$ cat upload09.txt   # compact mmCIF, C-alpha atoms
# COMPACT_ATOMS: atom_id res chain seq x y z
CA MET X 1 -36.76 -10.99 -9.46
CA GLY X 2 -35.47 -14.26 -10.87
CA HIS X 3 -31.80 -13.38 -11.07
CA GLU X 4 -28.76 -15.14 -9.74
CA VAL X 5 -26.45 -12.86 -7.78
CA HIS X 6 -22.88 -13.67 -6.78
CA VAL X 7 -21.27 -11.34 -4.25
CA VAL X 8 -17.47 -11.45 -3.95
CA THR X 9 -16.30 -9.81 -0.74
CA LEU X 10 -13.66 -9.97 1.99
CA ASP X 11 -13.62 -12.63 4.67
CA PHE X 12 -14.63 -11.80 8.23
CA PRO X 13 -14.07 -13.74 11.46
CA GLY X 14 -16.84 -16.27 11.98
CA ALA X 15 -18.37 -15.89 8.52
CA PRO X 16 -18.26 -18.86 6.11
CA TYR X 17 -16.14 -18.56 2.97
CA GLU X 18 -19.07 -19.74 0.85
CA GLU X 19 -22.70 -19.00 1.61
CA GLU X 20 -25.89 -19.60 -0.37
CA LEU X 21 -29.13 -17.77 0.43
CA GLY X 22 -31.59 -18.78 -2.29
CA SER X 23 -30.34 -17.25 -5.51
CA LEU X 24 -27.79 -15.12 -3.64
CA HIS X 25 -24.30 -16.62 -3.42
CA ILE X 26 -21.68 -15.00 -1.21
CA HIS X 27 -18.01 -15.75 -1.82
CA ARG X 28 -15.60 -14.48 0.86
CA VAL X 29 -11.97 -14.04 -0.04
CA ALA X 30 -8.95 -14.03 2.28
CA VAL X 31 -5.95 -11.82 1.50
CA ASP X 32 -2.96 -14.00 2.30
CA ILE X 33 -0.15 -11.58 1.44
CA PRO X 34 0.86 -8.79 3.81
CA THR X 35 1.01 -5.24 2.43
CA PRO X 36 2.58 -2.03 3.78
CA THR X 37 -0.43 0.33 3.79
CA PHE X 38 -4.22 0.42 3.69
CA HIS X 39 -4.22 1.59 0.08
CA THR X 40 -1.89 -1.15 -1.18
CA TRP X 41 -4.00 -3.63 0.78
CA VAL X 42 -7.09 -2.42 -1.13
CA LEU X 43 -5.33 -2.83 -4.49
CA LEU X 44 -4.11 -6.28 -3.44
CA PHE X 45 -7.49 -7.57 -2.29
CA ASN X 46 -8.88 -6.53 -5.66
CA HIS X 47 -6.45 -9.00 -7.26
CA PHE X 48 -7.80 -11.73 -4.99
CA PHE X 49 -11.32 -10.67 -6.05
CA GLU X 50 -10.30 -10.93 -9.72
CA LYS X 51 -9.04 -14.47 -9.14
CA ARG X 52 -12.31 -15.48 -7.48
CA VAL X 53 -14.38 -13.82 -10.23
CA GLY X 54 -12.35 -15.76 -12.78
CA GLN X 55 -13.02 -19.03 -10.96
CA LEU X 56 -16.73 -18.22 -10.83
CA ALA X 57 -16.80 -17.34 -14.52
CA ARG X 58 -15.30 -20.72 -15.38
CA LYS X 59 -17.99 -22.43 -13.30
CA TYR X 60 -21.06 -20.33 -14.15
CA GLY X 61 -20.03 -18.46 -17.32
CA ALA X 62 -19.40 -14.72 -17.66
CA PRO X 63 -21.86 -12.60 -15.69
CA ASP X 64 -24.43 -10.43 -17.48
CA ILE X 65 -23.39 -7.50 -15.28
CA ILE X 66 -20.44 -6.71 -13.03
CA HIS X 67 -21.33 -4.30 -10.26
CA ALA X 68 -18.52 -2.66 -8.25
CA HIS X 69 -18.99 -0.36 -5.26
CA ASP X 70 -16.83 2.71 -4.67
CA TRP X 71 -13.08 3.02 -5.25
CA LEU X 72 -12.50 0.06 -2.96
CA THR X 73 -13.56 -2.46 -5.64
CA VAL X 74 -13.30 -0.43 -8.83
CA SER X 75 -9.99 -1.90 -10.05
CA GLY X 76 -11.27 -5.47 -9.68
CA GLY X 77 -14.50 -4.53 -11.43
CA ILE X 78 -12.66 -2.93 -14.35
CA ALA X 79 -10.39 -5.97 -14.75
CA ALA X 80 -13.41 -8.30 -14.74
CA LYS X 81 -15.17 -6.11 -17.31
CA HIS X 82 -12.30 -6.35 -19.80
CA LEU X 83 -11.46 -10.00 -19.19
CA LEU X 84 -15.02 -11.30 -19.24
CA ARG X 85 -16.47 -8.72 -21.66
CA SER X 86 -19.37 -7.99 -19.32
CA PRO X 87 -20.76 -4.47 -18.81
CA LEU X 88 -19.69 -2.69 -15.65
CA VAL X 89 -21.92 -0.71 -13.28
CA VAL X 90 -20.28 1.29 -10.48
CA THR X 91 -22.12 2.64 -7.43
CA PHE X 92 -20.81 5.73 -5.68
CA HIS X 93 -21.68 5.75 -2.00
CA SER X 94 -19.32 8.67 -1.40
CA THR X 95 -16.38 10.49 -2.96
CA GLU X 96 -12.91 11.03 -1.62
CA ALA X 97 -13.08 14.79 -2.19
CA SER X 98 -16.07 15.16 0.12
CA ARG X 99 -14.82 12.62 2.62
CA SER X 100 -11.42 14.29 2.93
CA SER X 101 -12.91 17.81 2.79
CA HIS X 102 -10.94 18.43 -0.41
CA SER X 103 -7.61 18.15 1.47
CA PRO X 104 -5.02 16.95 -1.05
CA SER X 105 -2.73 14.04 -0.17
CA PRO X 106 -1.02 11.27 -2.17
CA GLU X 107 -3.54 8.76 -0.83
CA SER X 108 -6.48 10.97 -1.79
CA ALA X 109 -5.03 11.40 -5.27
CA LEU X 110 -4.96 7.62 -5.69
CA VAL X 111 -8.53 7.24 -4.46
CA GLU X 112 -9.80 10.08 -6.66
CA GLY X 113 -7.99 8.58 -9.64
CA LEU X 114 -9.69 5.23 -9.06
CA GLU X 115 -13.05 6.96 -8.66
CA TRP X 116 -12.62 8.78 -11.96
CA TRP X 117 -11.46 5.56 -13.66
CA GLY X 118 -14.53 3.73 -12.38
CA SER X 119 -16.88 6.45 -13.59
CA PHE X 120 -15.17 6.38 -17.00
CA GLU X 121 -15.14 2.61 -17.46
CA ALA X 122 -18.68 2.02 -16.20
CA ALA X 123 -21.49 1.69 -18.71
CA ARG X 124 -23.72 3.13 -16.00
CA VAL X 125 -23.02 4.86 -12.70
CA ILE X 126 -25.35 4.70 -9.72
CA ALA X 127 -25.27 7.49 -7.12
CA VAL X 128 -27.03 6.98 -3.78
CA SER X 129 -28.72 10.40 -3.82
CA GLY X 130 -29.40 13.36 -6.09
CA TRP X 131 -26.64 15.22 -4.27
CA MET X 132 -24.20 12.37 -4.90
CA LYS X 133 -25.21 12.34 -8.58
CA SER X 134 -24.39 16.06 -8.90
CA GLU X 135 -21.09 15.47 -7.12
CA VAL X 136 -20.10 12.64 -9.51
CA ILE X 137 -21.06 14.66 -12.60
CA SER X 138 -19.22 17.72 -11.35
CA MET X 139 -16.09 15.90 -10.12
CA PHE X 140 -15.57 13.42 -12.95
CA LYS X 141 -17.35 15.15 -15.84
CA THR X 142 -19.49 12.05 -16.24
CA PRO X 143 -22.30 12.50 -18.80
CA THR X 144 -25.57 13.17 -16.96
CA SER X 145 -27.37 10.50 -18.96
CA LYS X 146 -24.94 7.88 -17.66
CA VAL X 147 -25.68 8.50 -13.96
CA ALA X 148 -28.78 7.24 -12.14
CA ASP X 149 -29.60 8.35 -8.61
CA ILE X 150 -31.00 5.34 -6.78
CA PRO X 151 -31.40 5.98 -3.08
CA ASN X 152 -30.70 3.36 -0.45
CA ALA X 153 -33.75 1.79 1.15
CA VAL X 154 -35.21 0.32 4.33
CA ASP X 155 -37.46 -2.61 5.08
CA PRO X 156 -40.22 -1.06 7.24
CA LEU X 157 -41.16 -4.46 8.67
CA LYS X 158 -37.73 -4.76 10.25
CA PHE X 159 -38.53 -1.70 12.37
CA GLU X 160 -42.13 -2.50 13.25
CA GLY X 161 -41.89 -5.69 15.34
CA PRO X 162 -42.42 -5.83 19.10
CA VAL X 163 -39.65 -4.30 21.21
CA ASP X 164 -39.34 -4.30 24.99
CA THR X 165 -38.53 -0.60 25.16
CA ARG X 166 -38.28 -0.58 28.96
CA ALA X 167 -35.62 -3.32 28.92
CA MET X 168 -33.78 -1.61 26.07
CA ARG X 169 -33.75 1.74 27.86
CA GLU X 170 -32.47 0.08 31.03
CA LYS X 171 -29.73 -1.59 29.00
CA TRP X 172 -28.50 1.80 27.81
CA GLY X 173 -28.61 3.31 31.30
CA VAL X 174 -31.81 5.35 30.93
CA GLU X 175 -33.38 6.04 34.31
CA GLY X 176 -37.06 6.67 35.04
CA GLY X 177 -38.62 9.21 32.73
CA GLU X 178 -35.37 10.37 31.15
CA LYS X 179 -35.46 11.32 27.47
CA LEU X 180 -33.20 9.22 25.26
CA ILE X 181 -31.23 11.05 22.55
CA THR X 182 -29.56 8.62 20.15
CA ALA X 183 -26.96 8.94 17.40
CA VAL X 184 -25.56 6.08 15.34
CA GLY X 185 -22.56 5.84 13.04
CA ARG X 186 -18.83 5.52 12.62
CA PHE X 187 -16.83 7.64 15.03
CA THR X 188 -15.15 9.74 12.36
CA SER X 189 -15.03 13.50 11.94
CA GLN X 190 -17.51 13.29 9.05
CA LYS X 191 -20.28 12.11 11.38
CA GLY X 192 -20.13 15.19 13.63
CA PHE X 193 -20.63 13.35 16.93
CA ASP X 194 -18.29 15.87 18.55
CA ASP X 195 -20.80 18.61 17.69
CA LEU X 196 -23.58 16.59 19.31
CA ILE X 197 -21.52 16.12 22.49
CA ARG X 198 -20.77 19.89 22.50
CA ALA X 199 -24.51 20.50 22.12
CA TYR X 200 -25.47 18.17 24.95
CA PRO X 201 -24.72 20.53 27.91
CA ALA X 202 -27.13 23.09 26.38
CA ILE X 203 -29.73 20.35 25.80
CA ARG X 204 -29.36 19.27 29.42
CA ARG X 205 -29.95 22.81 30.67
CA SER X 206 -33.45 22.60 29.14
CA ILE X 207 -33.99 18.84 29.49
CA PRO X 208 -31.98 17.75 32.57
CA ALA X 209 -33.64 14.31 32.67
CA SER X 210 -32.01 12.93 29.55
CA ARG X 211 -29.34 10.51 28.34
CA LEU X 212 -27.20 10.58 25.23
CA LEU X 213 -26.65 7.21 23.54
CA LEU X 214 -23.85 6.96 20.96
CA ILE X 215 -23.86 3.72 18.99
CA GLY X 216 -20.83 2.90 16.87
CA ASP X 217 -17.08 2.88 17.06
CA GLY X 218 -14.06 4.22 15.25
CA TYR X 219 -10.78 6.07 15.47
CA MET X 220 -12.40 8.99 17.33
CA ARG X 221 -13.79 6.97 20.22
CA GLY X 222 -11.13 8.11 22.73
CA GLU X 223 -11.42 11.70 21.54
CA LEU X 224 -15.21 11.68 21.94
CA GLU X 225 -14.98 10.14 25.40
CA SER X 226 -12.49 12.83 26.45
CA LEU X 227 -14.71 15.55 25.00
CA ALA X 228 -17.72 14.23 26.92
CA GLU X 229 -15.65 14.39 30.08
CA ARG X 230 -14.44 17.93 29.33
CA VAL X 231 -17.95 19.28 28.80
CA GLN X 232 -19.12 17.34 31.87
CA VAL X 233 -21.65 15.02 30.24
CA LYS X 234 -19.66 11.77 30.42
CA GLU X 235 -21.88 10.35 33.17
CA LYS X 236 -25.00 10.98 31.11
CA THR X 237 -23.52 9.59 27.89
CA THR X 238 -23.49 5.91 26.94
CA PHE X 239 -20.89 4.73 24.43
CA ALA X 240 -22.47 1.49 23.27
CA GLY X 241 -19.91 0.42 20.64
CA PHE X 242 -21.09 -1.63 17.69
CA VAL X 243 -24.40 -3.41 18.33
CA SER X 244 -26.34 -6.20 16.64
CA ASP X 245 -29.14 -5.43 14.16
CA ALA X 246 -31.73 -6.41 16.78
CA GLU X 247 -30.14 -4.10 19.37
CA LEU X 248 -30.04 -1.27 16.86
CA VAL X 249 -33.76 -1.63 16.12
CA GLY X 250 -34.42 -1.78 19.87
CA ALA X 251 -32.34 1.34 20.49
CA LEU X 252 -34.02 3.33 17.73
CA ARG X 253 -37.51 2.30 18.82
CA SER X 254 -36.70 3.19 22.44
CA SER X 255 -35.36 6.64 21.60
CA ASP X 256 -37.18 9.94 21.99
CA VAL X 257 -35.17 11.54 19.22
CA VAL X 258 -32.45 10.40 16.82
CA VAL X 259 -29.87 13.03 15.87
CA VAL X 260 -27.75 12.77 12.70
CA PRO X 261 -25.22 15.61 13.09
CA SER X 262 -23.07 14.78 10.04
CA ARG X 263 -20.80 17.36 8.43
CA PHE X 264 -21.17 15.52 5.14
CA GLU X 265 -23.49 12.66 4.24
CA PRO X 266 -23.99 11.23 0.74
CA PHE X 267 -27.18 9.47 1.87
CA GLY X 268 -27.63 8.98 5.62
CA ILE X 269 -29.48 5.69 5.99
CA ILE X 270 -29.69 5.96 9.77
CA ALA X 271 -32.12 8.86 9.39
CA LEU X 272 -34.34 6.66 7.25
CA GLU X 273 -34.10 3.77 9.74
CA ALA X 274 -35.06 6.09 12.59
CA MET X 275 -38.01 7.40 10.56
CA ALA X 276 -39.10 3.82 9.81
CA SER X 277 -38.93 3.21 13.56
CA GLY X 278 -41.41 6.02 14.18
CA VAL X 279 -38.90 8.23 15.98
CA PRO X 280 -38.52 11.97 15.24
CA VAL X 281 -35.20 12.91 13.65
CA VAL X 282 -32.94 15.95 13.80
CA VAL X 283 -30.51 15.95 10.86
CA SER X 284 -27.83 18.20 9.40
CA ARG X 285 -28.87 20.07 6.27
CA VAL X 286 -26.27 18.33 4.09
CA GLY X 287 -26.16 15.97 1.10
CA GLY X 288 -28.63 13.11 1.05
CA LEU X 289 -30.02 13.95 4.51
CA ALA X 290 -31.49 17.17 3.15
CA GLU X 291 -33.20 15.14 0.42
CA ILE X 292 -34.69 12.55 2.78
CA VAL X 293 -35.95 14.98 5.41
CA GLU X 294 -38.36 17.81 4.72
CA ASP X 295 -37.70 20.38 7.42
CA THR X 296 -40.51 20.74 10.00
CA VAL X 297 -42.65 18.20 8.06
CA ASP X 298 -41.02 14.83 8.76
CA GLY X 299 -37.97 15.91 10.74
CA LEU X 300 -35.99 18.97 11.74
CA GLU X 301 -32.93 20.17 9.86
CA VAL X 302 -30.01 21.91 11.54
CA GLU X 303 -26.92 23.69 10.31
CA PRO X 304 -23.86 21.43 10.05
CA ASP X 305 -20.94 22.22 12.37
CA SER X 306 -23.32 24.00 14.72
CA PRO X 307 -23.77 22.63 18.27
CA SER X 308 -26.16 25.49 19.09
CA SER X 309 -28.38 24.61 16.13
CA ILE X 310 -28.36 20.91 17.14
CA ALA X 311 -29.21 21.81 20.74
CA GLU X 312 -32.07 24.12 19.76
CA ALA X 313 -33.74 21.60 17.44
CA THR X 314 -33.26 18.66 19.83
CA VAL X 315 -34.79 20.60 22.73
CA ARG X 316 -37.66 21.63 20.47
CA VAL X 317 -38.50 18.00 19.65
CA LEU X 318 -38.10 16.80 23.23
CA SER X 319 -40.23 19.56 24.74
CA ASP X 320 -43.08 19.63 22.21
CA ARG X 321 -44.93 16.31 22.30
CA GLU X 322 -47.33 17.31 19.53
CA LEU X 323 -44.47 18.24 17.20
CA ALA X 324 -42.57 15.04 18.02
CA THR X 325 -45.63 12.87 17.30
CA ARG X 326 -46.33 14.65 14.02
CA LEU X 327 -42.73 14.39 12.82
CA ALA X 328 -42.60 10.72 13.78
CA GLN X 329 -45.84 9.90 11.93
CA LYS X 330 -44.83 11.76 8.80
CA GLY X 331 -41.34 10.27 9.01
CA ARG X 332 -42.74 6.75 9.06
CA GLU X 333 -44.81 7.52 5.95
CA LYS X 334 -41.76 8.97 4.20
CA ALA X 335 -39.64 5.91 5.00
CA LYS X 336 -42.10 3.70 3.13
CA VAL X 337 -41.27 5.55 -0.10
CA TYR X 338 -37.69 4.26 0.19
CA SER X 339 -38.54 0.60 -0.36
CA TRP X 340 -36.15 -2.11 -1.47
CA GLU X 341 -38.64 -2.98 -4.21
CA ASN X 342 -38.18 0.49 -5.72
CA ALA X 343 -34.40 0.31 -5.34
CA ALA X 344 -34.27 -3.18 -6.91
CA ARG X 345 -36.53 -2.19 -9.83
CA ARG X 346 -34.46 0.88 -10.64
CA THR X 347 -31.19 -1.04 -10.28
CA LEU X 348 -32.50 -3.67 -12.70
CA GLU X 349 -33.47 -0.93 -15.18
CA THR X 350 -29.95 0.47 -14.88
CA TYR X 351 -28.45 -2.98 -15.51
CA GLN X 352 -30.61 -3.32 -18.62
CA GLU X 353 -29.47 0.10 -19.88
CA ALA X 354 -25.85 -0.86 -19.22
CA GLU X 355 -26.29 -4.12 -21.14
CA ARG X 356 -27.88 -2.31 -24.10
CA GLU X 357 -25.18 0.29 -24.32
CA SER X 358 -22.15 -1.78 -23.46
CA ARG X 359 -19.33 -1.40 -25.93
CA TYR X 360 -18.96 -5.18 -26.15
CA GLU X 361 -22.44 -5.76 -27.57
CA MET G 1 -6.93 7.35 19.22
CA SER G 2 -3.29 8.38 18.91
CA GLU G 3 -1.61 8.25 15.53
CA ARG G 4 0.61 5.41 16.80
CA SER G 5 -2.39 3.35 17.93
CA LYS G 6 -4.09 4.06 14.62
CA LYS G 7 -0.98 2.94 12.76
CA LEU G 8 -0.79 -0.26 14.81
CA LEU G 9 -4.46 -1.05 14.17
CA SER G 10 -4.09 -0.41 10.45
CA THR G 11 -0.88 -2.47 10.32
CA LEU G 12 -2.61 -5.48 11.88
CA LEU G 13 -5.29 -5.17 9.18
CA VAL G 14 -2.99 -4.87 6.18
CA LEU G 15 -0.70 -7.64 7.42
CA GLY G 16 -3.72 -9.92 7.52
CA ALA G 17 -3.69 -10.57 11.29
CA GLN G 18 -7.43 -11.06 11.40
CA SER G 19 -7.77 -14.43 13.14
CA PRO G 20 -5.88 -16.49 15.75
CA GLU G 21 -4.40 -18.59 12.92
CA ARG G 22 -2.97 -15.47 11.25
CA ALA G 23 -1.90 -13.68 14.45
CA LEU G 24 1.53 -12.02 14.69
CA THR G 25 4.07 -11.96 17.49
CA ILE G 26 4.91 -8.63 19.11
CA GLU G 27 8.38 -8.86 17.59
CA GLU G 28 6.99 -9.41 14.08
CA LEU G 29 4.74 -6.39 14.49
CA ALA G 30 7.54 -4.23 15.86
CA THR G 31 9.78 -5.17 12.92
CA LYS G 32 7.11 -4.23 10.41
CA LEU G 33 6.55 -0.90 12.15
CA GLY G 34 10.26 -0.23 12.57
CA VAL G 35 10.02 0.27 16.33
CA GLU G 36 11.26 -1.49 19.45
CA ALA G 37 8.86 -4.15 20.76
CA SER G 38 8.99 -2.57 24.22
CA GLY G 39 7.92 0.77 22.77
CA MET G 40 4.70 -0.70 21.43
CA GLU G 41 3.29 -2.08 24.64
CA ALA G 42 1.20 0.93 25.64
CA GLU G 43 -0.48 1.17 22.22
CA LEU G 44 -1.10 -2.54 22.12
CA ARG G 45 -2.64 -2.46 25.58
CA ARG G 46 -5.02 0.31 24.43
CA LEU G 47 -6.16 -1.79 21.48
CA LEU G 48 -6.70 -4.81 23.71
CA ASP G 49 -8.60 -2.75 26.31
CA ALA G 50 -10.76 -1.19 23.60
CA GLY G 51 -11.65 -4.65 22.29
CA TYR G 52 -10.00 -4.04 18.91
CA ALA G 53 -7.39 -6.81 19.30
CA ASN G 54 -6.94 -10.13 21.07
CA VAL G 55 -3.98 -12.23 22.14
CA THR G 56 -3.61 -15.95 21.48
CA SER G 57 -0.97 -18.13 23.08
CA ALA G 58 -1.98 -21.31 21.26
CA SER G 59 1.50 -21.77 19.77
CA GLY G 60 3.22 -21.06 23.08
CA THR G 61 4.21 -17.53 22.04
CA PRO G 62 1.76 -14.66 22.56
CA LYS G 63 0.46 -13.43 19.23
CA VAL G 64 -1.89 -10.56 18.41
CA TYR G 65 -4.81 -10.41 15.97
CA LEU G 66 -7.72 -8.09 15.26
CA THR G 67 -11.24 -8.73 16.51
CA GLY G 68 -14.28 -8.12 14.30
CA THR G 69 -14.69 -4.71 15.95
CA GLY G 70 -11.03 -3.99 15.25
CA ILE G 71 -11.39 -4.90 11.58
CA ILE G 72 -14.44 -2.66 11.17
CA THR G 73 -12.75 0.19 13.03
CA ALA G 74 -9.54 -0.13 11.00
CA SER G 75 -11.60 0.06 7.82
CA SER G 76 -13.96 2.73 9.10
CA THR G 77 -12.41 5.73 7.40
CA TYR G 78 -13.79 4.61 4.06
CA SER G 79 -16.93 2.69 5.02
$ encode --input "upload09.txt" --output "structure tokens"
Amino acid sequence: MGHEVHVVTLDFPGAPYEEELGSLHIHRVAVDIPTPTFHTWVLLFNHFFEKRVGQLARKYGAPDIIHAHDWLTVSGGIAAKHLLRSPLVVTFHSTEASRSSHSPSPESALVEGLEWWGSFEAARVIAVSGWMKSEVISMFKTPTSKVADIPNAVDPLKFEGPVDTRAMREKWGVEGGEKLITAVGRFTSQKGFDDLIRAYPAIRRSIPASRLLLIGDGYMRGELESLAERVQVKEKTTFAGFVSDAELVGALRSSDVVVVPSRFEPFGIIALEAMASGVPVVVSRVGGLAEIVEDTVDGLEVEPDSPSSIAEATVRVLSDRELATRLAQKGREKAKVYSWENAARRTLETYQEAERESRYE
Amino acid sequence: MSERSKKLLSTLLVLGAQSPERALTIEELATKLGVEASGMEAELRRLLDAGYANVTSASGTPKVYLTGTGIITASSTYS
């Protein structure tokens, strides 16, 4: 779209500190000073971000827009806004209240304070779903006119290329004509993988020839492995860990159903990626998932926190070929609506609104 | 993951031990956590076995640092 974008982010092993991809410049920052906790670390890395933004401003001039994402980068974004006199846009991918199930703690109070501050300082706020928009307006009393809901997107082409599904299924331990049930995400309570594992024995009673593939990692990995053992499905469950983008596409395309059993989900991009892959989805009726999926049209919705509901819907998809084909076809059509072109156009419009209404104009 | 393992993983992240060059000795880690070095071995072993951490002996003394998977996992609560 003819714009120059500079992304300031944290360093990561193996990634270059400076990277240029056409008009996209990535600047990775190392945090050289130790801190006592995760939250002080976040505040500290924002200072390192501010320093890098300052260096970039001296080289390229002040940016037309500063765009910060979530509480993690809000303080750096606010500092850059005031120092460089550029309008600030803040995207909310989630809120602490939902993530922590409204359980108060000193850490949550800090995060919620930063979220409110970001919503207040921003000329425009972007929420990743209609549900997230309502949450931001309700939590932070942000004026409705200031918040745009711009959903995340997928590139359908990424999910349409050739995939050796037989090799992929072998890689994940699928034998013969077994059905492959896949779930992808961080292993945290929010994602509800424990409910899916609890549902799996009931699924196996109806569909014995099946395998459960869990892609991802996180603090709950040990807990989930123990649970799988307790409910006697460990041998039929593959814990794949984090995988490459190519492996993820291969896994989705090789699956018979993708289950998204989240307890809370501001958007739920994995559902969209599965739909773009032409695979039927079973999703919790929560947050952004309930906006993406139309129940019984392009996916099946289940009650959150309900292994029996997950089991019933998953068995329904796996045992009704006609239904599975219809959901997959409609899902693929739906995924095309969530294009990056649409997301980019609406983000640009939001930037333009922020520029027009910025207090520094 | 136990709370102690979680704490160890998070500590490696916030202390910046994210590459062999920035790795920490067991004693340095124990001091930061306020525990005996010998009392940390089991947790450390779990992180190594899970692929969240690695050991480098480049300087002659074993030092621990997070892998990419470890960094993502340590940050995963808020991702």
$ residues_near_point --input "upload09.txt" --point "(-7.2, -10.8, 19.9)" --cutoff "7 Å" --atoms "all atoms listed in the file" --output "PyMOL selection string"
chain G and resi 53-56+64-67
$ residues_near_point --input "upload09.txt" --point "(-2.9, -1.6, 25.8)" --cutoff "12 Å" --atoms "only C-alpha atoms" --output "list in words"
Met1, Arg4, Ser5, Leu8, Leu9, Gly39, Met40, Glu41, Ala42, Glu43, Leu44, Arg45, Arg46, Leu47, Leu48, Asp49, Ala50, Gly51, Tyr52, Ala53, Asn54, Val55 and Val64 of chain G
$ write_last_selection --input "upload09.txt" --atoms "C-alpha atoms" --output "short mmCIF file (atom, residue, chain, number, x, y, z; two decimals), in the frame of the given file"
data_model
loop_
_atom_site.label_atom_id
_atom_site.label_comp_id
_atom_site.auth_asym_id
_atom_site.auth_seq_id
_atom_site.Cartn_x
_atom_site.Cartn_y
_atom_site.Cartn_z
CA MET G 1 -6.93 7.35 19.22
CA ARG G 4 0.61 5.41 16.80
CA SER G 5 -2.39 3.35 17.93
CA LEU G 8 -0.79 -0.26 14.81
CA LEU G 9 -4.46 -1.05 14.17
CA GLY G 39 7.92 0.77 22.77
CA MET G 40 4.70 -0.70 21.43
CA GLU G 41 3.29 -2.08 24.64
CA ALA G 42 1.20 0.93 25.64
CA GLU G 43 -0.48 1.17 22.22
CA LEU G 44 -1.10 -2.54 22.12
CA ARG G 45 -2.64 -2.46 25.58
CA ARG G 46 -5.02 0.31 24.43
CA LEU G 47 -6.16 -1.79 21.48
CA LEU G 48 -6.70 -4.81 23.71
CA ASP G 49 -8.60 -2.75 26.31
CA ALA G 50 -10.76 -1.19 23.60
CA GLY G 51 -11.65 -4.65 22.29
CA TYR G 52 -10.00 -4.04 18.91
CA ALA G 53 -7.39 -6.81 19.30
CA ASN G 54 -6.94 -10.13 21.07
CA VAL G 55 -3.98 -12.23 22.14
CA VAL G 64 -1.89 -10.56 18.41
#
$ closest_residue --input "upload09.txt" --among "X:Pro208, X:Gly176, X:Pro266, X:Pro162" --to "chain G" --atoms "only C-alpha atoms"
X:Pro266
$ closest_residue --input "upload09.txt" --among "G:Arg22, G:Val14, G:Leu33, G:Lys7" --to "chain X" --atoms "all atoms listed in the file"
G:Val14
$ atom_distance --input "upload09.txt" --atom1 "atom CA of X:Ser284" --atom2 "atom CA of X:Glu303"
5.6 Å
$ interface_residues --input "upload09.txt" --of "chain G" --to "chain X" --cutoff "9 Å" --atoms "all atoms listed in the file" --output "list in words"
Met1, Ser2, Lys6, Ser10, Thr11, Leu13, Val14, Leu15, Gly16, Ala17, Gln18, Ser19, Lys32, Thr67, Gly68, Thr69, Gly70, Ile71, Ile72, Thr73, Ala74, Ser75, Ser76, Thr77, Tyr78 and Ser79 of chain G
$ atom_distance --input "upload09.txt" --atom1 "atom CA of X:Lys171" --atom2 "atom CA of X:Leu323"
27.4 Å
$ atom_distance --input "upload09.txt" --atom1 "atom CA of X:Ala324" --atom2 "atom CA of X:Val279"
8.0 Å
$ closest_residue --input "upload09.txt" --among "X:Arg326, X:Lys51, X:Arg124, X:Arg198" --to "X:Thr347" --atoms "all atoms listed in the file"
X:Arg124
$ residues_around --input "upload09.txt" --residues "stretch 225-229 of chain X" --least-positions-apart "5" --cutoff "8 Å" --atoms "all atoms listed in the file" --output "PyMOL selection string"
chain X and resi 194+197-198+234+237
$ write_last_selection --input "upload09.txt" --atoms "C-alpha atoms" --output "short mmCIF file (atom, residue, chain, number, x, y, z; two decimals), in the frame of the given file"
data_model
loop_
_atom_site.label_atom_id
_atom_site.label_comp_id
_atom_site.auth_asym_id
_atom_site.auth_seq_id
_atom_site.Cartn_x
_atom_site.Cartn_y
_atom_site.Cartn_z
CA ASP X 194 -18.29 15.87 18.55
CA ILE X 197 -21.52 16.12 22.49
CA ARG X 198 -20.77 19.89 22.50
CA LYS X 234 -19.66 11.77 30.42
CA THR X 237 -23.52 9.59 27.89
#
$ closest_residue --input "upload09.txt" --among "X:Ile78, X:Val259, X:Val297, X:Val315" --to "X:Ser210" --atoms "all atoms listed in the file"
X:Val315
$ build_atoms --input "upload09.txt" --residues "stretch 319-326 of chain X" --atoms "N, CA and C atoms" --output "PDB file, in the coordinates of the input"
ATOM      1  N   SER X 319     -39.332  18.812  23.856  1.00  0.00           N
ATOM      2  CA  SER X 319     -40.230  19.560  24.740  1.00  0.00           C
ATOM      3  C   SER X 319     -41.599  19.820  24.112  1.00  0.00           C
ATOM      4  N   ASP X 320     -41.797  19.401  22.877  1.00  0.00           N
ATOM      5  CA  ASP X 320     -43.080  19.630  22.210  1.00  0.00           C
ATOM      6  C   ASP X 320     -43.625  18.271  21.739  1.00  0.00           C
ATOM      7  N   ARG X 321     -44.444  17.659  22.577  1.00  0.00           N
ATOM      8  CA  ARG X 321     -44.930  16.310  22.300  1.00  0.00           C
ATOM      9  C   ARG X 321     -45.712  16.242  20.981  1.00  0.00           C
ATOM     10  N   GLU X 322     -46.514  17.291  20.752  1.00  0.00           N
ATOM     11  CA  GLU X 322     -47.330  17.310  19.530  1.00  0.00           C
ATOM     12  C   GLU X 322     -46.436  17.326  18.279  1.00  0.00           C
ATOM     13  N   LEU X 323     -45.413  18.160  18.328  1.00  0.00           N
ATOM     14  CA  LEU X 323     -44.470  18.240  17.200  1.00  0.00           C
ATOM     15  C   LEU X 323     -43.771  16.898  17.005  1.00  0.00           C
ATOM     16  N   ALA X 324     -43.297  16.313  18.113  1.00  0.00           N
ATOM     17  CA  ALA X 324     -42.570  15.040  18.020  1.00  0.00           C
ATOM     18  C   ALA X 324     -43.445  13.953  17.412  1.00  0.00           C
ATOM     19  N   THR X 325     -44.709  13.895  17.827  1.00  0.00           N
ATOM     20  CA  THR X 325     -45.630  12.870  17.300  1.00  0.00           C
ATOM     21  C   THR X 325     -45.870  13.081  15.815  1.00  0.00           C
ATOM     22  N   ARG X 326     -46.069  14.344  15.435  1.00  0.00           N
ATOM     23  CA  ARG X 326     -46.330  14.650  14.020  1.00  0.00           C
ATOM     24  C   ARG X 326     -45.118  14.298  13.151  1.00  0.00           C
TER      25      ARG X 326
END
